[in-house]
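Peer 1: Structure: entry.pdb, PDB, C-alpha atoms.
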```
ATOM      1  CA  MET A   1     -24.687 -21.740 146.976  1.00  0.00           C
ATOM      2  CA  THR A   2     -22.284 -21.698 149.895  1.00  0.00           C
ATOM      3  CA  PHE A   3     -20.009 -24.648 150.562  1.00  0.00           C
ATOM      4  CA  ASP A   4     -17.544 -25.497 153.293  1.00  0.00           C
ATOM      5  CA  VAL A   5     -14.483 -26.733 151.418  1.00  0.00           C
ATOM      6  CA  LEU A   6     -12.037 -28.845 153.443  1.00  0.00           C
ATOM      7  CA  TYR A   7      -8.446 -29.805 152.641  1.00  0.00           C
ATOM      8  CA  PHE A   8      -6.337 -32.573 154.114  1.00  0.00           C
ATOM      9  CA  ALA A   9      -2.682 -33.660 154.089  1.00  0.00           C
ATOM     10  CA  TRP A  10      -0.543 -31.998 151.393  1.00  0.00           C
ATOM     11  CA  LEU A  11      -3.543 -30.266 149.817  1.00  0.00           C
ATOM     12  CA  ARG A  12      -4.059 -28.464 153.125  1.00  0.00           C
ATOM     13  CA  GLU A  13      -0.374 -27.516 153.175  1.00  0.00           C
ATOM     14  CA  ARG A  14      -0.330 -26.244 149.594  1.00  0.00           C
ATOM     15  CA  ILE A  15      -3.424 -24.135 150.093  1.00  0.00           C
ATOM     16  CA  GLY A  16      -2.331 -22.980 153.526  1.00  0.00           C
ATOM     17  CA  GLU A  17      -5.733 -23.413 155.184  1.00  0.00           C
ATOM     18  CA  PRO A  18      -7.645 -26.457 156.459  1.00  0.00           C
ATOM     19  CA  SER A  19     -10.961 -25.076 155.214  1.00  0.00           C
ATOM     20  CA  GLU A  20     -12.674 -22.157 153.553  1.00  0.00           C
ATOM     21  CA  ARG A  21     -16.210 -21.052 152.854  1.00  0.00           C
ATOM     22  CA  ILE A  22     -16.863 -20.736 149.123  1.00  0.00           C
ATOM     23  CA  GLU A  23     -19.733 -19.037 147.339  1.00  0.00           C
ATOM     24  CA  SER A  24     -20.143 -20.805 144.021  1.00  0.00           C
ATOM     25  CA  SER A  25     -22.609 -21.627 141.278  1.00  0.00           C
ATOM     26  CA  ALA A  26     -20.729 -24.865 140.474  1.00  0.00           C
ATOM     27  CA  ARG A  27     -23.004 -27.879 140.095  1.00  0.00           C
ATOM     28  CA  THR A  28     -20.422 -30.650 140.106  1.00  0.00           C
ATOM     29  CA  VAL A  29     -17.173 -31.371 141.918  1.00  0.00           C
ATOM     30  CA  GLY A  30     -15.281 -30.829 138.664  1.00  0.00           C
ATOM     31  CA  GLN A  31     -16.805 -27.373 138.147  1.00  0.00           C
ATOM     32  CA  LEU A  32     -15.916 -26.421 141.713  1.00  0.00           C
ATOM     33  CA  VAL A  33     -12.327 -27.625 141.205  1.00  0.00           C
ATOM     34  CA  ALA A  34     -12.026 -25.439 138.083  1.00  0.00           C
ATOM     35  CA  GLU A  35     -13.207 -22.404 140.067  1.00  0.00           C
ATOM     36  CA  LEU A  36     -10.928 -23.121 143.029  1.00  0.00           C
ATOM     37  CA  ALA A  37      -7.861 -23.763 140.849  1.00  0.00           C
ATOM     38  CA  ALA A  38      -8.334 -20.321 139.257  1.00  0.00           C
ATOM     39  CA  LYS A  39      -8.317 -18.514 142.623  1.00  0.00           C
ATOM     40  CA  ASP A  40      -4.567 -18.118 143.126  1.00  0.00           C
ATOM     41  CA  ASP A  41      -1.186 -19.862 142.746  1.00  0.00           C
ATOM     42  CA  TRP A  42      -1.632 -21.917 145.903  1.00  0.00           C
ATOM     43  CA  HIS A  43      -4.945 -23.353 144.777  1.00  0.00           C
ATOM     44  CA  ALA A  44      -3.555 -23.893 141.285  1.00  0.00           C
ATOM     45  CA  ALA A  45      -0.651 -25.884 142.761  1.00  0.00           C
ATOM     46  CA  ALA A  46      -2.968 -27.983 144.930  1.00  0.00           C
ATOM     47  CA  PHE A  47      -5.171 -28.944 141.988  1.00  0.00           C
ATOM     48  CA  ALA A  48      -2.427 -29.178 139.348  1.00  0.00           C
ATOM     49  CA  ASP A  49      -2.446 -32.989 139.230  1.00  0.00           C
ATOM     50  CA  MET A  50      -5.999 -34.238 139.604  1.00  0.00           C
ATOM     51  CA  SER A  51      -4.891 -37.879 139.367  1.00  0.00           C
ATOM     52  CA  ALA A  52      -3.506 -37.353 142.888  1.00  0.00           C
ATOM     53  CA  VAL A  53      -6.649 -35.727 144.303  1.00  0.00           C
ATOM     54  CA  ARG A  54      -9.620 -37.539 145.851  1.00  0.00           C
ATOM     55  CA  CYS A  55     -12.872 -35.991 146.968  1.00  0.00           C
ATOM     56  CA  ALA A  56     -15.813 -36.466 149.317  1.00  0.00           C
ATOM     57  CA  VAL A  57     -19.194 -34.729 149.161  1.00  0.00           C
ATOM     58  CA  ASP A  58     -20.876 -34.537 152.569  1.00  0.00           C
ATOM     59  CA  GLN A  59     -18.465 -37.205 153.846  1.00  0.00           C
ATOM     60  CA  GLU A  60     -19.206 -39.667 151.004  1.00  0.00           C
ATOM     61  CA  LEU A  61     -16.467 -40.517 148.501  1.00  0.00           C
ATOM     62  CA  ALA A  62     -17.220 -38.824 145.203  1.00  0.00           C
ATOM     63  CA  ASP A  63     -15.708 -38.165 141.789  1.00  0.00           C
ATOM     64  CA  MET A  64     -15.456 -35.193 139.467  1.00  0.00           C
ATOM     65  CA  ASP A  65     -18.936 -35.795 138.002  1.00  0.00           C
ATOM     66  CA  THR A  66     -20.670 -35.965 141.374  1.00  0.00           C
ATOM     67  CA  SER A  67     -23.353 -33.327 141.858  1.00  0.00           C
ATOM     68  CA  ILE A  68     -22.807 -30.853 144.689  1.00  0.00           C
ATOM     69  CA  GLU A  69     -26.267 -29.300 144.488  1.00  0.00           C
ATOM     70  CA  GLY A  70     -27.607 -29.066 148.006  1.00  0.00           C
ATOM     71  CA  ALA A  71     -24.318 -30.309 149.484  1.00  0.00           C
ATOM     72  CA  ARG A  72     -22.745 -28.549 152.444  1.00  0.00           C
ATOM     73  CA  GLU A  73     -19.244 -29.928 152.796  1.00  0.00           C
ATOM     74  CA  ILE A  74     -16.806 -30.746 149.984  1.00  0.00           C
ATOM     75  CA  ALA A  75     -13.452 -32.244 151.000  1.00  0.00           C
ATOM     76  CA  PHE A  76     -10.316 -32.665 148.886  1.00  0.00           C
ATOM     77  CA  PHE A  77      -7.389 -34.892 149.836  1.00  0.00           C
ATOM     78  CA  PRO A  78      -4.687 -37.180 148.433  1.00  0.00           C
ATOM     79  CA  PRO A  79      -5.266 -40.935 148.030  1.00  0.00           C
ATOM     80  CA  MET A  80      -5.740 -42.402 151.501  1.00  0.00           C
ATOM     81  CA  THR A  81      -2.939 -44.195 153.319  1.00  0.00           C
ATOM     82  CA  GLY A  82      -4.553 -45.707 156.378  1.00  0.00           C
ATOM     83  CA  GLY A  83      -4.108 -49.089 157.979  1.00  0.00           C
TER
ATOM     84  CA  MET B   1     -19.736 -54.418 166.051  1.00  0.00           C
ATOM     85  CA  SER B   2     -17.973 -51.132 166.521  1.00  0.00           C
ATOM     86  CA  ALA B   3     -15.400 -48.767 165.082  1.00  0.00           C
ATOM     87  CA  LEU B   4     -13.260 -46.601 167.296  1.00  0.00           C
ATOM     88  CA  VAL B   5     -11.019 -43.695 166.253  1.00  0.00           C
ATOM     89  CA  GLN B   6      -8.721 -42.363 168.940  1.00  0.00           C
ATOM     90  CA  PRO B   7      -5.357 -40.650 169.415  1.00  0.00           C
ATOM     91  CA  GLY B   8      -4.162 -42.725 172.348  1.00  0.00           C
ATOM     92  CA  PRO B   9      -2.856 -46.289 172.519  1.00  0.00           C
ATOM     93  CA  PHE B  10      -5.182 -49.279 172.854  1.00  0.00           C
ATOM     94  CA  GLN B  11      -4.839 -52.590 174.630  1.00  0.00           C
ATOM     95  CA  PRO B  12      -5.704 -55.537 172.342  1.00  0.00           C
ATOM     96  CA  GLU B  13      -7.054 -57.560 175.263  1.00  0.00           C
ATOM     97  CA  GLN B  14      -9.396 -54.685 176.066  1.00  0.00           C
ATOM     98  CA  VAL B  15     -10.532 -54.392 172.464  1.00  0.00           C
ATOM     99  CA  LEU B  16     -11.306 -58.125 172.528  1.00  0.00           C
ATOM    100  CA  ARG B  17     -13.214 -58.090 175.809  1.00  0.00           C
ATOM    101  CA  ASP B  18     -16.664 -59.660 175.263  1.00  0.00           C
ATOM    102  CA  PHE B  19     -15.848 -59.914 171.566  1.00  0.00           C
ATOM    103  CA  GLY B  20     -17.347 -62.608 169.344  1.00  0.00           C
ATOM    104  CA  VAL B  21     -19.051 -64.560 172.104  1.00  0.00           C
ATOM    105  CA  GLY B  22     -20.220 -67.887 170.660  1.00  0.00           C
ATOM    106  CA  ALA B  23     -18.128 -67.608 167.471  1.00  0.00           C
ATOM    107  CA  GLY B  24     -16.060 -70.560 166.250  1.00  0.00           C
ATOM    108  CA  ALA B  25     -13.245 -68.400 164.855  1.00  0.00           C
ATOM    109  CA  ILE B  26     -11.754 -65.053 165.806  1.00  0.00           C
ATOM    110  CA  VAL B  27      -9.062 -63.387 163.700  1.00  0.00           C
ATOM    111  CA  THR B  28      -7.222 -60.236 164.711  1.00  0.00           C
ATOM    112  CA  PHE B  29      -4.788 -58.095 162.784  1.00  0.00           C
ATOM    113  CA  THR B  30      -2.650 -55.369 164.343  1.00  0.00           C
ATOM    114  CA  GLY B  31      -0.677 -52.809 162.333  1.00  0.00           C
ATOM    115  CA  VAL B  32       2.550 -51.505 163.888  1.00  0.00           C
ATOM    116  CA  VAL B  33       4.722 -48.499 162.954  1.00  0.00           C
ATOM    117  CA  ARG B  34       7.814 -49.981 161.316  1.00  0.00           C
ATOM    118  CA  ASP B  35      11.120 -48.386 160.407  1.00  0.00           C
ATOM    119  CA  ASP B  36      12.304 -49.869 157.115  1.00  0.00           C
ATOM    120  CA  GLY B  37      15.259 -47.604 156.427  1.00  0.00           C
ATOM    121  CA  GLY B  38      16.571 -47.044 159.955  1.00  0.00           C
ATOM    122  CA  ASN B  39      15.714 -43.351 159.746  1.00  0.00           C
ATOM    123  CA  LEU B  40      12.090 -43.116 160.875  1.00  0.00           C
ATOM    124  CA  ALA B  41      11.273 -41.540 164.238  1.00  0.00           C
ATOM    125  CA  ALA B  42       7.479 -41.537 164.088  1.00  0.00           C
ATOM    126  CA  LEU B  43       4.367 -41.334 161.944  1.00  0.00           C
ATOM    127  CA  GLU B  44       1.872 -38.504 162.082  1.00  0.00           C
ATOM    128  CA  ILE B  45      -1.572 -39.674 161.034  1.00  0.00           C
ATOM    129  CA  GLU B  46      -4.084 -37.074 159.900  1.00  0.00           C
ATOM    130  CA  HIS B  47      -7.741 -37.957 159.426  1.00  0.00           C
ATOM    131  CA  TYR B  48     -11.099 -36.455 158.463  1.00  0.00           C
ATOM    132  CA  PRO B  49     -12.983 -36.582 161.755  1.00  0.00           C
ATOM    133  CA  ALA B  50     -16.494 -36.101 160.350  1.00  0.00           C
ATOM    134  CA  MET B  51     -15.994 -38.981 157.921  1.00  0.00           C
ATOM    135  CA  THR B  52     -13.648 -41.454 159.610  1.00  0.00           C
ATOM    136  CA  GLN B  53     -16.042 -43.074 162.044  1.00  0.00           C
ATOM    137  CA  SER B  54     -18.861 -43.420 159.519  1.00  0.00           C
ATOM    138  CA  SER B  55     -16.619 -44.883 156.822  1.00  0.00           C
ATOM    139  CA  LEU B  56     -15.072 -47.450 159.195  1.00  0.00           C
ATOM    140  CA  THR B  57     -18.541 -48.412 160.388  1.00  0.00           C
ATOM    141  CA  ALA B  58     -19.784 -48.760 156.804  1.00  0.00           C
ATOM    142  CA  TYR B  59     -16.855 -51.047 155.846  1.00  0.00           C
ATOM    143  CA  GLY B  60     -17.413 -53.091 159.003  1.00  0.00           C
ATOM    144  CA  HIS B  61     -21.090 -53.601 158.193  1.00  0.00           C
ATOM    145  CA  GLU B  62     -20.230 -54.493 154.601  1.00  0.00           C
ATOM    146  CA  ALA B  63     -17.711 -57.107 155.793  1.00  0.00           C
ATOM    147  CA  ALA B  64     -20.254 -58.514 158.257  1.00  0.00           C
ATOM    148  CA  LYS B  65     -22.824 -58.940 155.512  1.00  0.00           C
ATOM    149  CA  ARG B  66     -20.424 -60.360 152.992  1.00  0.00           C
ATOM    150  CA  PHE B  67     -18.678 -62.869 155.258  1.00  0.00           C
ATOM    151  CA  GLN B  68     -21.523 -63.483 157.699  1.00  0.00           C
ATOM    152  CA  LEU B  69     -19.582 -62.223 160.677  1.00  0.00           C
ATOM    153  CA  SER B  70     -21.176 -62.502 164.090  1.00  0.00           C
ATOM    154  CA  ASP B  71     -19.009 -59.634 165.341  1.00  0.00           C
ATOM    155  CA  TRP B  72     -16.310 -57.192 164.217  1.00  0.00           C
ATOM    156  CA  ARG B  73     -14.266 -54.400 165.751  1.00  0.00           C
ATOM    157  CA  ILE B  74     -11.981 -51.762 164.274  1.00  0.00           C
ATOM    158  CA  VAL B  75      -9.684 -49.448 166.225  1.00  0.00           C
ATOM    159  CA  HIS B  76      -7.612 -46.871 164.360  1.00  0.00           C
ATOM    160  CA  ARG B  77      -5.357 -44.261 165.923  1.00  0.00           C
ATOM    161  CA  HIS B  78      -4.442 -40.802 164.672  1.00  0.00           C
ATOM    162  CA  GLY B  79      -1.866 -38.205 165.684  1.00  0.00           C
ATOM    163  CA  ARG B  80       1.804 -38.922 166.385  1.00  0.00           C
ATOM    164  CA  LEU B  81       2.850 -42.572 166.702  1.00  0.00           C
ATOM    165  CA  GLU B  82       6.406 -43.633 167.506  1.00  0.00           C
ATOM    166  CA  VAL B  83       8.162 -46.551 165.809  1.00  0.00           C
ATOM    167  CA  GLY B  84       6.957 -49.789 167.399  1.00  0.00           C
ATOM    168  CA  GLU B  85       3.567 -48.418 168.452  1.00  0.00           C
ATOM    169  CA  GLN B  86       0.351 -50.059 167.344  1.00  0.00           C
ATOM    170  CA  ILE B  87      -1.500 -48.062 164.680  1.00  0.00           C
ATOM    171  CA  MET B  88      -4.701 -50.016 164.297  1.00  0.00           C
ATOM    172  CA  MET B  89      -6.435 -53.302 164.843  1.00  0.00           C
ATOM    173  CA  VAL B  90      -9.269 -55.231 163.240  1.00  0.00           C
ATOM    174  CA  ALA B  91     -10.999 -58.217 164.783  1.00  0.00           C
ATOM    175  CA  THR B  92     -13.486 -60.466 163.007  1.00  0.00           C
ATOM    176  CA  ALA B  93     -15.615 -63.264 164.427  1.00  0.00           C
ATOM    177  CA  ALA B  94     -17.391 -65.939 162.404  1.00  0.00           C
ATOM    178  CA  ARG B  95     -18.485 -69.569 162.617  1.00  0.00           C
ATOM    179  CA  HIS B  96     -15.432 -70.782 160.694  1.00  0.00           C
ATOM    180  CA  ARG B  97     -11.868 -69.536 160.217  1.00  0.00           C
ATOM    181  CA  HIS B  98     -12.054 -69.050 156.449  1.00  0.00           C
ATOM    182  CA  ALA B  99     -14.686 -66.332 156.729  1.00  0.00           C
ATOM    183  CA  ALA B 100     -12.931 -64.661 159.674  1.00  0.00           C
ATOM    184  CA  PHE B 101      -9.567 -64.564 157.838  1.00  0.00           C
ATOM    185  CA  GLN B 102     -11.133 -63.329 154.613  1.00  0.00           C
ATOM    186  CA  ALA B 103     -13.137 -60.627 156.366  1.00  0.00           C
ATOM    187  CA  ALA B 104     -10.030 -59.317 158.162  1.00  0.00           C
ATOM    188  CA  ASP B 105      -8.151 -59.255 154.856  1.00  0.00           C
ATOM    189  CA  TYR B 106     -11.070 -57.500 153.149  1.00  0.00           C
ATOM    190  CA  LEU B 107     -11.322 -54.896 155.905  1.00  0.00           C
ATOM    191  CA  MET B 108      -7.591 -54.158 155.781  1.00  0.00           C
ATOM    192  CA  ASP B 109      -7.683 -53.676 152.012  1.00  0.00           C
ATOM    193  CA  TRP B 110     -10.564 -51.210 152.339  1.00  0.00           C
ATOM    194  CA  LEU B 111      -9.085 -49.362 155.315  1.00  0.00           C
ATOM    195  CA  LYS B 112      -5.737 -48.871 153.578  1.00  0.00           C
ATOM    196  CA  SER B 113      -7.182 -47.279 150.452  1.00  0.00           C
ATOM    197  CA  ARG B 114     -10.621 -45.922 151.332  1.00  0.00           C
ATOM    198  CA  ALA B 115     -10.683 -44.799 154.965  1.00  0.00           C
ATOM    199  CA  PRO B 116      -9.772 -41.095 155.294  1.00  0.00           C
ATOM    200  CA  PHE B 117      -6.349 -41.352 156.952  1.00  0.00           C
ATOM    201  CA  TRP B 118      -3.086 -39.869 155.682  1.00  0.00           C
ATOM    202  CA  LYS B 119       0.322 -40.855 157.014  1.00  0.00           C
ATOM    203  CA  ARG B 120       3.300 -38.548 157.225  1.00  0.00           C
ATOM    204  CA  GLU B 121       6.746 -39.885 158.070  1.00  0.00           C
ATOM    205  CA  ILE B 122       8.850 -37.941 160.538  1.00  0.00           C
ATOM    206  CA  SER B 123      12.556 -38.730 160.159  1.00  0.00           C
ATOM    207  CA  ARG B 124      15.091 -38.661 162.959  1.00  0.00           C
ATOM    208  CA  ASP B 125      16.515 -35.421 161.552  1.00  0.00           C
ATOM    209  CA  GLY B 126      13.051 -33.843 161.838  1.00  0.00           C
ATOM    210  CA  SER B 127      12.221 -33.754 158.119  1.00  0.00           C
ATOM    211  CA  THR B 128       8.769 -34.935 157.078  1.00  0.00           C
ATOM    212  CA  ARG B 129       7.306 -36.654 154.042  1.00  0.00           C
ATOM    213  CA  TRP B 130       3.738 -37.630 153.133  1.00  0.00           C
ATOM    214  CA  VAL B 131       3.468 -41.346 152.445  1.00  0.00           C
ATOM    215  CA  ASP B 132       2.381 -42.054 148.861  1.00  0.00           C
ATOM    216  CA  ALA B 133      -0.496 -44.426 148.254  1.00  0.00           C
ATOM    217  CA  ARG B 134       0.712 -47.674 146.712  1.00  0.00           C
ATOM    218  CA  ASP B 135      -0.621 -49.055 143.458  1.00  0.00           C
ATOM    219  CA  SER B 136      -0.487 -52.511 145.037  1.00  0.00           C
ATOM    220  CA  ASP B 137      -2.921 -51.382 147.752  1.00  0.00           C
ATOM    221  CA  GLU B 138      -5.279 -50.006 145.129  1.00  0.00           C
ATOM    222  CA  HIS B 139      -5.036 -53.221 143.087  1.00  0.00           C
ATOM    223  CA  ALA B 140      -5.743 -55.279 146.198  1.00  0.00           C
ATOM    224  CA  LEU B 141      -9.255 -53.817 146.258  1.00  0.00           C
ATOM    225  CA  SER B 142     -10.065 -55.332 142.879  1.00  0.00           C
ATOM    226  CA  ARG B 143      -9.828 -58.803 144.452  1.00  0.00           C
ATOM    227  CA  TRP B 144     -13.128 -58.148 146.176  1.00  0.00           C
TER
END
```
Do you think you could lay out the structure here as structure tokens?
Peer 2:
Amino acid sequence: MTFDVLYFAWLRERIGEPSERIESSARTVGQLVAELAAKDDWHAAAFADMSAVRCAVDQELADMDTSIEGAREIAFFPPMTGG
Amino acid sequence: MSALVQPGPFQPEQVLRDFGVGAGAIVTFTGVVRDDGGNLAALEIEHYPAMTQSSLTAYGHEAAKRFQLSDWRIVHRHGRLEVGEQIMMVATAARHRHAAFQAADYLMDWLKSRAPFWKREISRDGSTRWVDARDSDEHALSRW
């Protein structure tokens, strides 16, 4: 399946791109993270500390066990600091 | 009942125009860029455009249901904001003050930790630093 993967804040800076299109057979967020982290040093650095990474699947907050089957957009970002 | 995400400044009196007609209590909260250490020039607020509006709207509807609000409004800015500028505002309208205060408090707790915004501090010397999420903000959510 093909996913649009989005990065925000320092994840975007570590990876060096705001988004990328990924072809993957991953079925959960966690499986996709494992694939992405293995891509190169930049991805590895972005996903090194998963306690500092949050995720949304098709704009809904998700966790590592969330299914991404049929999803289009997976976003990764640090804990939010709005308000 | 509306959520607005915009880069530019807002006027509170405009946000409150025709707001909460017939309510017995209206509470508003406004967040302002503050400079605690005397070294901050501005904040840069990044957001997730495809998600921001829908998540603010969802939290607004949830607050309305939970506290029986007759009206609510949320305005949140993004982009560069200088010290002293208004970042965001929530307004809640209910029959009685207790519900209006509680709903505003509830909305702020959710916006701080669950709406897709990320703050970066820009110092006067030009250096930048991403603001860390606070444990106290995360704990505040467990109250609800």
Peer 1: Taking 2 positions as the minimum chain separation for residues in the same chain, which residues sit within 10 Å of Gly16 of chain A when counting all atoms listed in the file? Answer as a list in words.
Peer 2: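 The contact residues come out as Tyr7, Trp10, Leu11, Arg12, Glu13, Arg14, Pro18, Ser19, Trp42, His43 and Ala46 of chain A.
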Peer 1: Define the interface residues of chain B facing chain A as those within 9 Å, counting all atoms listed in the file, and report them as JSON, numbers by chain.
Peer 2: {"B": [31, 45, 46, 47, 48, 50, 51, 52, 54, 55, 76, 87, 88, 89, 108, 109, 110, 111, 112, 113, 114, 115, 116, 117, 118, 119, 120, 130, 131, 132, 133, 134]}
Peer 1: Can you list what the PyMOL selection byres ((chain A and resi 66-69) around 7) grabs from this structure, as a list in words?
Peer 2: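 Applied to this file, the PyMOL selection byres ((chain A and resi 66-69) around 7) returns Arg27, Thr28, Val29, Val57, Ala62, Asp63, Met64, Asp65, Gly70 and Ala71 of chain A.
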Peer 1: Give the answer as one residue: which of A:Ala44, A:Met50, A:Cys55, A:Ile74 has the shortest atom-to-atom distance to Ala26 of chain A, using all atoms listed in the file?
Peer 2: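 Closest to Ala26 of chain A of all the choices is A:Ile74.
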Peer 1: Any idea what's packed within 12 Å of Glu62 of chain B, counting only C-alpha atoms, ignoring anything in its chain fewer than 4 positions away? Could you give it as a list in words?
Peer 2: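 Using only C-alpha atoms, the neighbours found are Met1, Ser55, Leu56, Thr57, Ala58, Arg66, Phe67, Gln68, Leu69, Asp71, Trp72, Ala103, Ala104, Tyr106, Leu107, Trp110 and Trp144 of chain B.
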Peer 1: Find the residue from B:Val27, B:Ala99, B:Val15, B:Ala42 that sits nearest to His78 of chain B; use all atoms listed in the file when measuring.
Peer 2: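 Closest candidate: B:Ala42.
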Peer 1: Contacts of Glu85 of chain B at 9 Å or less, counting only C-alpha atoms, minus same-chain residues fewer than 6 places along, as a list in words?
Peer 2: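 Counting only C-alpha atoms, the residues come to Pro9, Gly31, Val32, Val33 and Arg34 of chain B.
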Peer 1: Name every residue that the PyMOL selection byres ((chain A and resi 23) around 7) selects in this structure, writing the answer as a PyMOL selection string with chains first and numbers rising.
Peer 2: chain A and resi 1-3+21-22+24
